[in-house]
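Encoded as structure tokens, the structure appears first; notes follow it.
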2 protein chains.
Amino acid sequence: MGIAERKEREKEDVRRKILEAAHDLFETHGYENVTMRAVADAIEYSATTIYHHFENKDALVEALCFSDFEKLSAAMNHGPLPTDPVDRIRALGRAYAAFGMTNPNHYRFMFMTAGDWKNHANEEDTPPARSYALLREAVVEAMDQGLFRKDDVDLVSQVLWSGIHGVVALVITFKPGQFPRVPPRPGLIEASIEATLHGLLVIRKEGLH
Amino acid sequence: MGIAERKEREKEDVRRKILEAAHDLFETHGYENVTMRAVADAIEYSATTIYHHFENKDALVEALCFSDFEKLSAAMNHGPLPTDPVDRIRALGRAYAAFGMTNPNHYRFMFMTAGDWKNHANEEDTPPARSYALLREAVVEAMDQGLFRKDDVDLVSQVLWSGIHGVVALVITFKPGQFPRVPPRPGLIEASIEATLHGLLVIRKEGLH
DNA sequence: AGCGATACTTAACGTTGTTAAGTCAAAGTA
DNA sequence: TACTTTGACTTAACAACGTTAAGTATCGCT
């Protein structure tokens with residue numbers, strides 16, 4: 001039955017068109033400022049059509065979110081990652097930050113808004129879980145090699161994650177010149193990564209409160 | 001002319017009622033989920049009345065934002081602050097985090113959404129600027145006393161700020177049990193503060209890449 | 001030729017932020 | 001006392017939004 005397959009393909013095609021148009025519009029104008037009608041106009045279909053492919057606006061954005069996580073995961077895995085776990089954490093952090101600042105509107109939706117999708121993201125082998133696993137593995141290795149003090153792996157992973165997340169979140173929220181004058185990005189990102197990283201290394205052990 | 005003053009006072013009274021009702025509703029249900037009509041209902045006025053006191057919803061929220069910054073500033077200044085600048089940064093960080101997690105919806109609006117108010121917040125002696133100045137001063141002292149390596153004061157201040165912001169932002173965005181299983185709050189916050197702080201202290205200087 | 005399914009559209013609903021026009025009591029003026 | 005003015009507040013409506021009920025049209029199958 002080649003006919004059913006062709007129909008399937010055509011339907012999938014429209015679904016893909018919706019996702020692509022929505023992706024571009026969301027990134028350009030931000031999630032709240034893009035209407036279902038605008039997405040429909042962009043692909044020259046009626047607004048109702050979208051509801052035949054996605055349950056509602058949230059479901060559309062959730063689908064978009066998962067595909068963005070694939071991209072994040074790919075960006076973090078791009079090229080040969082350093083074998084030294086600490087260097088690898090550095091590289092992961094830079095890639096993560098670059099992704100966030102290149103796609104601020106998607107980043108905002110992925111990490112800065114509440115959404116039902118986060119309830120499903122924990123299950124099994126989802127794209128969000130894969131991104132996190134990349135960092136977690138590096139932390140495990142760093143501890144195994146005695147570079148990081150042994151501690152709760154997830155706690156340390158999330159200290160690192162929240163550190164870089166804080167920078168990205170601030171930079172994309174406060175535009176240059178606004179309160180409170182966030183300095184040029186690269187400097188702040190590097191400084192933040194280094195500060196958090198140095199704080200976790202074993203070097204120190206005595207002499208601090 | 002006592003009459004004009006009484007009228008002034010009565011008008012100010014309605015304005016205050018609006019702000020109080022909006023404050024409670026926003027904190028309970030979140031900014032996007034509270035309608036102008038709901039605020040009006042809560043104080044038993046028509047929705048249009050709000051527009052005689054505030055230009056629009058954004059202006060109402062901006063006013064709310066500034067009064068929240070007063071509270072944040074007060075929370076950070078509460079009680080005698082440690083004289084040791086590093087201890088003071090610790091205390092400021094804890095107060096900041098406590099404020100954010102107690103008022104997640106206001107925190108979200110203050111630090112996690114774009115808004116025009118951020119253009120005005122830079123000018124002169126606004127509440128946001130005062131909160132930031134508290135941290136900045138501690139950093140200056142820490143450098144003067146040789147506890148922090150001398151560096152760009154704003155860069156270091158913002159490394160500290162973004163560190164704690166990252167934790168608060170993640171914790172209030174991802175509810176317990178959601179991706180990726182953020183551990184109990186106090187542990188993560190303390191760990192993050194300590195990691196960033198240790199990373200900035202002068203102790204190390206040799207032996208790292 | 002007629003039937004059924006399915007992909008899509010038209011038209012509408014209720015809710016939102018916002019505004020134009022009107023009401024009405026109190027203050028000022030004669 | 002009677003008339004005007006002022007200004008705080010309301011009623012009624014607007015356009016735009018997410019969403020849905022109902023209908024149309026196209027295609028494959030019998």
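Following the order of the structure tokens, first chain is A, next is B, and so on, with residues numbered from 1 inside each chain and ligands from 1 in the order they appear.
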Long-range neighbours of stretch 49-57 of chain A as a VMD selection string, 12 Å cut-off, only C-alpha atoms (C1' of nucleotides), 4 positions minimum in chain: (chain A and resid 11 to 19 21 to 22 26 31 to 32 34 to 45 61 to 64 115) or (chain C and resid 6 to 9) or (chain D and resid 17 to 20)
Minimum-distance residue to chain A, chosen among C:DA25, C:DA20, C:DA30, C:DA11 (using only C-alpha atoms (C1' of nucleotides)):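 Using only C-alpha atoms (C1' of nucleotides), chain A sits closest to C:DA11.
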Who sits within 12 Å of D:DA12, only C-alpha atoms (C1' of nucleotides), same chain under 5 positions skipped, as a VMD selection string: (chain B and resid 48) or (chain C and resid 19 to 22)
Go ahead and save the picked residues with C-alpha atoms (C1' of nucleotides), as a CSV table (one decimal), in the first residue's frame.
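Below you can see selection-v1.csv, which holds the result:
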```
chain,number,residue,atom,x,y,z
B,48,THR,CA,-11.5,50.4,33.8
C,19,DT,C1',-10.8,52.5,25.3
C,20,DA,C1',-14.8,55.7,24.0
C,21,DA,C1',-18.6,57.5,26.0
C,22,DG,C1',-21.4,58.4,29.6
```
Gap from atom CA of A:Gly2 to atom CA of A:Glu20 - Å, one decimal: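 Atom CA of A:Gly2 sits 26.4 Å away from atom CA of A:Glu20.
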Residues of chain C within 10 Å of chain B, only C-alpha atoms (C1' of nucleotides) counted, as a ChimeraX atom specification: /C:15-19,27
Which of A:Leu170, A:Ala129, A:Ala138, A:Met101 sits closest to A:Thr83 [using only C-alpha atoms]: A:Ala138
B:Ala169 surroundings by only C-alpha atoms (C1' of nucleotides), 12 Å radius, close-in-sequence under 2 positions cut, as a PyMOL selection string: (chain A and resi 108+111-114+161-170) or (chain B and resi 96-97+99-101+103-113+161-167+171-175+182+185+189)
Store the residues picked out above, limited to C-alpha atoms, as an mmCIF file, in the first residue's frame.
```
data_model
loop_
_atom_site.group_PDB
_atom_site.id
_atom_site.type_symbol
_atom_site.label_atom_id
_atom_site.label_comp_id
_atom_site.auth_asym_id
_atom_site.auth_seq_id
_atom_site.Cartn_x
_atom_site.Cartn_y
_atom_site.Cartn_z
ATOM 1 C CA ARG A 108 13.925 30.995 27.494
ATOM 2 C CA PHE A 111 14.833 26.591 30.793
ATOM 3 C CA MET A 112 13.017 29.661 32.027
ATOM 4 C CA THR A 113 9.332 28.889 31.860
ATOM 5 C CA ALA A 114 7.171 26.314 33.555
ATOM 6 C CA TRP A 161 24.765 23.805 35.415
ATOM 7 C CA SER A 162 23.125 26.517 37.504
ATOM 8 C CA GLY A 163 26.298 28.577 37.302
ATOM 9 C CA ILE A 164 26.324 28.733 33.535
ATOM 10 C CA HIS A 165 22.544 28.923 33.403
ATOM 11 C CA GLY A 166 22.642 32.003 35.614
ATOM 12 C CA VAL A 167 24.936 33.808 33.218
ATOM 13 C CA VAL A 168 22.976 32.921 30.126
ATOM 14 C CA ALA A 169 19.675 33.737 31.798
ATOM 15 C CA LEU A 170 20.851 37.158 32.904
ATOM 16 C CA TYR B 96 18.618 36.880 48.024
ATOM 17 C CA ALA B 97 17.898 33.197 47.469
ATOM 18 C CA PHE B 99 13.558 36.056 48.815
ATOM 19 C CA GLY B 100 13.422 34.450 45.385
ATOM 20 C CA MET B 101 12.091 31.156 46.631
ATOM 21 C CA ASN B 103 8.231 34.971 46.083
ATOM 22 C CA PRO B 104 8.877 32.929 42.966
ATOM 23 C CA ASN B 105 6.357 34.695 40.781
ATOM 24 C CA HIS B 106 7.670 38.123 41.623
ATOM 25 C CA TYR B 107 11.213 36.900 41.263
ATOM 26 C CA ARG B 108 10.342 35.585 37.847
ATOM 27 C CA PHE B 109 9.043 38.940 36.803
ATOM 28 C CA MET B 110 11.902 40.897 38.325
ATOM 29 C CA PHE B 111 14.750 38.865 36.896
ATOM 30 C CA MET B 112 13.474 36.448 34.298
ATOM 31 C CA THR B 113 11.353 38.459 31.906
ATOM 32 C CA TRP B 161 25.099 37.343 41.192
ATOM 33 C CA SER B 162 24.655 35.082 38.191
ATOM 34 C CA GLY B 163 25.751 32.110 40.259
ATOM 35 C CA ILE B 164 23.032 32.517 42.836
ATOM 36 C CA HIS B 165 20.556 33.657 40.219
ATOM 37 C CA GLY B 166 21.133 30.449 38.307
ATOM 38 C CA VAL B 167 20.222 28.340 41.310
ATOM 39 C CA VAL B 171 14.691 25.815 41.402
ATOM 40 C CA ILE B 172 11.613 27.950 40.795
ATOM 41 C CA THR B 173 11.332 26.843 37.170
ATOM 42 C CA PHE B 174 11.726 23.105 37.654
ATOM 43 C CA LYS B 175 9.459 21.880 40.385
ATOM 44 C CA VAL B 182 16.923 19.272 41.317
ATOM 45 C CA ARG B 185 17.060 23.518 47.908
ATOM 46 C CA ILE B 189 22.174 26.920 47.285
#
```
DSSP helix (DSSP H, G or I) residues within chain B, listed as a PyMOL selection string: chain B and resi 2-29+31-33+36-42+47-53+57-77+85-102+104-111+117-120+127-144+153-173+185-200
Could those residues be written to a file, using C-alpha atoms, as a compact mmCIF listing (two decimals), in the first residue's frame?
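In the end it all went to selection-v8.txt:
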```txt
# COMPACT_ATOMS: atom_id res chain seq x y z
CA GLY B 2 -7.81 70.23 53.15
CA ILE B 3 -10.30 69.02 50.58
CA ALA B 4 -7.84 68.58 47.75
CA GLU B 5 -5.59 66.69 50.10
CA ARG B 6 -8.35 64.37 51.24
CA LYS B 7 -9.22 63.60 47.60
CA GLU B 8 -5.58 63.01 46.87
CA ARG B 9 -5.45 60.63 49.81
CA GLU B 10 -8.55 58.78 48.68
CA LYS B 11 -7.17 58.33 45.20
CA GLU B 12 -3.86 57.13 46.60
CA ASP B 13 -5.88 54.70 48.69
CA VAL B 14 -7.45 53.07 45.65
CA ARG B 15 -4.05 52.91 44.00
CA ARG B 16 -2.68 51.13 47.04
CA LYS B 17 -5.59 48.69 47.05
CA ILE B 18 -4.91 47.87 43.41
CA LEU B 19 -1.26 47.25 44.12
CA GLU B 20 -1.99 45.04 47.11
CA ALA B 21 -4.59 42.96 45.30
CA ALA B 22 -2.36 42.64 42.25
CA HIS B 23 0.60 41.68 44.41
CA ASP B 24 -1.29 38.83 46.07
CA LEU B 25 -2.90 37.59 42.88
CA PHE B 26 0.33 37.70 40.90
CA GLU B 27 2.20 35.81 43.58
CA THR B 28 -0.53 33.17 43.88
CA HIS B 29 -1.36 32.61 40.24
CA TYR B 31 1.60 37.22 36.20
CA GLU B 32 0.20 35.82 32.95
CA ASN B 33 -2.71 34.12 34.67
CA MET B 36 -7.13 43.01 34.91
CA ARG B 37 -10.72 42.05 35.60
CA ALA B 38 -9.65 39.68 38.34
CA VAL B 39 -7.66 42.42 40.04
CA ALA B 40 -10.65 44.76 39.72
CA ASP B 41 -13.01 42.14 41.15
CA ALA B 42 -10.76 41.61 44.13
CA ALA B 47 -11.68 46.97 35.45
CA THR B 48 -11.52 50.37 33.81
CA THR B 49 -10.69 51.99 37.13
CA ILE B 50 -7.25 50.40 37.07
CA TYR B 51 -6.52 52.29 33.88
CA HIS B 52 -7.11 55.56 35.70
CA HIS B 53 -4.29 54.69 38.06
CA LYS B 57 -0.95 46.09 32.76
CA ASP B 58 2.78 46.44 32.20
CA ALA B 59 2.86 49.72 34.07
CA LEU B 60 1.00 48.12 36.97
CA VAL B 61 3.48 45.30 37.09
CA GLU B 62 6.38 47.70 36.81
CA ALA B 63 5.15 49.58 39.86
CA LEU B 64 4.80 46.26 41.65
CA CYS B 65 8.30 45.36 40.58
CA PHE B 66 9.84 48.43 42.11
CA SER B 67 8.08 47.87 45.41
CA ASP B 68 9.34 44.29 45.35
CA PHE B 69 12.85 45.55 44.86
CA GLU B 70 12.39 47.62 48.01
CA LYS B 71 11.50 44.40 49.81
CA LEU B 72 14.48 42.58 48.37
CA SER B 73 16.75 45.40 49.36
CA ALA B 74 15.24 45.33 52.85
CA ALA B 75 15.61 41.55 53.10
CA MET B 76 19.26 41.81 52.14
CA ASN B 77 19.84 44.61 54.65
CA PRO B 85 33.14 41.02 53.17
CA VAL B 86 33.24 37.36 52.21
CA ASP B 87 30.88 36.43 55.02
CA ARG B 88 28.74 39.34 53.98
CA ILE B 89 28.52 38.05 50.41
CA ARG B 90 27.45 34.71 51.83
CA ALA B 91 24.73 36.37 53.90
CA LEU B 92 23.56 38.49 50.98
CA GLY B 93 23.38 35.43 48.77
CA ARG B 94 21.31 33.52 51.29
CA ALA B 95 18.90 36.41 51.77
CA TYR B 96 18.62 36.88 48.02
CA ALA B 97 17.90 33.20 47.47
CA ALA B 98 15.38 33.09 50.29
CA PHE B 99 13.56 36.06 48.81
CA GLY B 100 13.42 34.45 45.38
CA MET B 101 12.09 31.16 46.63
CA THR B 102 9.53 32.77 48.89
CA PRO B 104 8.88 32.93 42.97
CA ASN B 105 6.36 34.70 40.78
CA HIS B 106 7.67 38.12 41.62
CA TYR B 107 11.21 36.90 41.26
CA ARG B 108 10.34 35.58 37.85
CA PHE B 109 9.04 38.94 36.80
CA MET B 110 11.90 40.90 38.32
CA PHE B 111 14.75 38.86 36.90
CA TRP B 117 11.30 49.05 33.50
CA LYS B 118 14.81 47.69 33.11
CA ASN B 119 15.63 50.68 30.95
CA HIS B 120 14.79 53.07 33.77
CA PRO B 127 15.76 50.14 44.33
CA PRO B 128 17.28 47.67 41.87
CA ALA B 129 20.47 49.68 41.77
CA ARG B 130 20.61 49.75 45.57
CA SER B 131 20.40 45.97 45.84
CA TYR B 132 23.19 45.55 43.37
CA ALA B 133 25.30 48.19 45.14
CA LEU B 134 25.16 46.14 48.34
CA LEU B 135 26.90 43.25 46.62
CA ARG B 136 29.28 45.48 44.74
CA GLU B 137 30.53 47.17 47.88
CA ALA B 138 31.29 43.83 49.48
CA VAL B 139 33.29 42.84 46.43
CA VAL B 140 35.26 46.07 46.55
CA GLU B 141 36.10 45.44 50.19
CA ALA B 142 37.04 41.83 49.53
CA MET B 143 39.49 43.00 46.92
CA ASP B 144 40.86 45.79 49.08
CA VAL B 153 34.63 44.72 40.19
CA ASP B 154 31.46 44.48 38.12
CA LEU B 155 32.64 41.35 36.42
CA VAL B 156 33.21 39.63 39.76
CA SER B 157 29.98 41.01 41.21
CA GLN B 158 28.08 39.60 38.33
CA VAL B 159 29.79 36.25 38.48
CA LEU B 160 28.51 36.03 42.05
CA TRP B 161 25.10 37.34 41.19
CA SER B 162 24.65 35.08 38.19
CA GLY B 163 25.75 32.11 40.26
CA ILE B 164 23.03 32.52 42.84
CA HIS B 165 20.56 33.66 40.22
CA GLY B 166 21.13 30.45 38.31
CA VAL B 167 20.22 28.34 41.31
CA VAL B 168 17.11 30.31 42.18
CA ALA B 169 16.00 30.44 38.56
CA LEU B 170 16.33 26.70 38.12
CA VAL B 171 14.69 25.81 41.40
CA ILE B 172 11.61 27.95 40.80
CA THR B 173 11.33 26.84 37.17
CA ARG B 185 17.06 23.52 47.91
CA PRO B 186 19.29 24.42 50.87
CA GLY B 187 22.04 22.03 49.84
CA LEU B 188 22.21 23.28 46.28
CA ILE B 189 22.17 26.92 47.28
CA GLU B 190 24.91 26.55 49.89
CA ALA B 191 27.01 24.45 47.55
CA SER B 192 26.67 26.97 44.78
CA ILE B 193 27.58 29.92 46.96
CA GLU B 194 30.60 28.13 48.36
CA ALA B 195 31.81 26.92 44.98
CA THR B 196 31.66 30.36 43.40
CA LEU B 197 33.16 32.02 46.43
CA HIS B 198 36.04 29.57 46.71
CA GLY B 199 36.70 30.04 43.03
CA LEU B 200 37.26 33.74 43.56
```
Residue hits in chain D, query chain B, radius 12 Å, only C-alpha atoms (C1' of nucleotides), as a list in words: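 Residues passing the distance filter: DT6, DG7, DA8, DC9, DT10, DT11 and DA12 of chain D.
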One-decimal distance in Å that lies between atom CA of B:Asp151 and atom CA of B:Pro82: 22.8 Å
Counting only C-alpha atoms, the residue of A:Asp152, A:Gln145, A:Leu201, A:Gln178 that sits nearest chain B: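 Smallest distance to chain B is found for A:Gln178.
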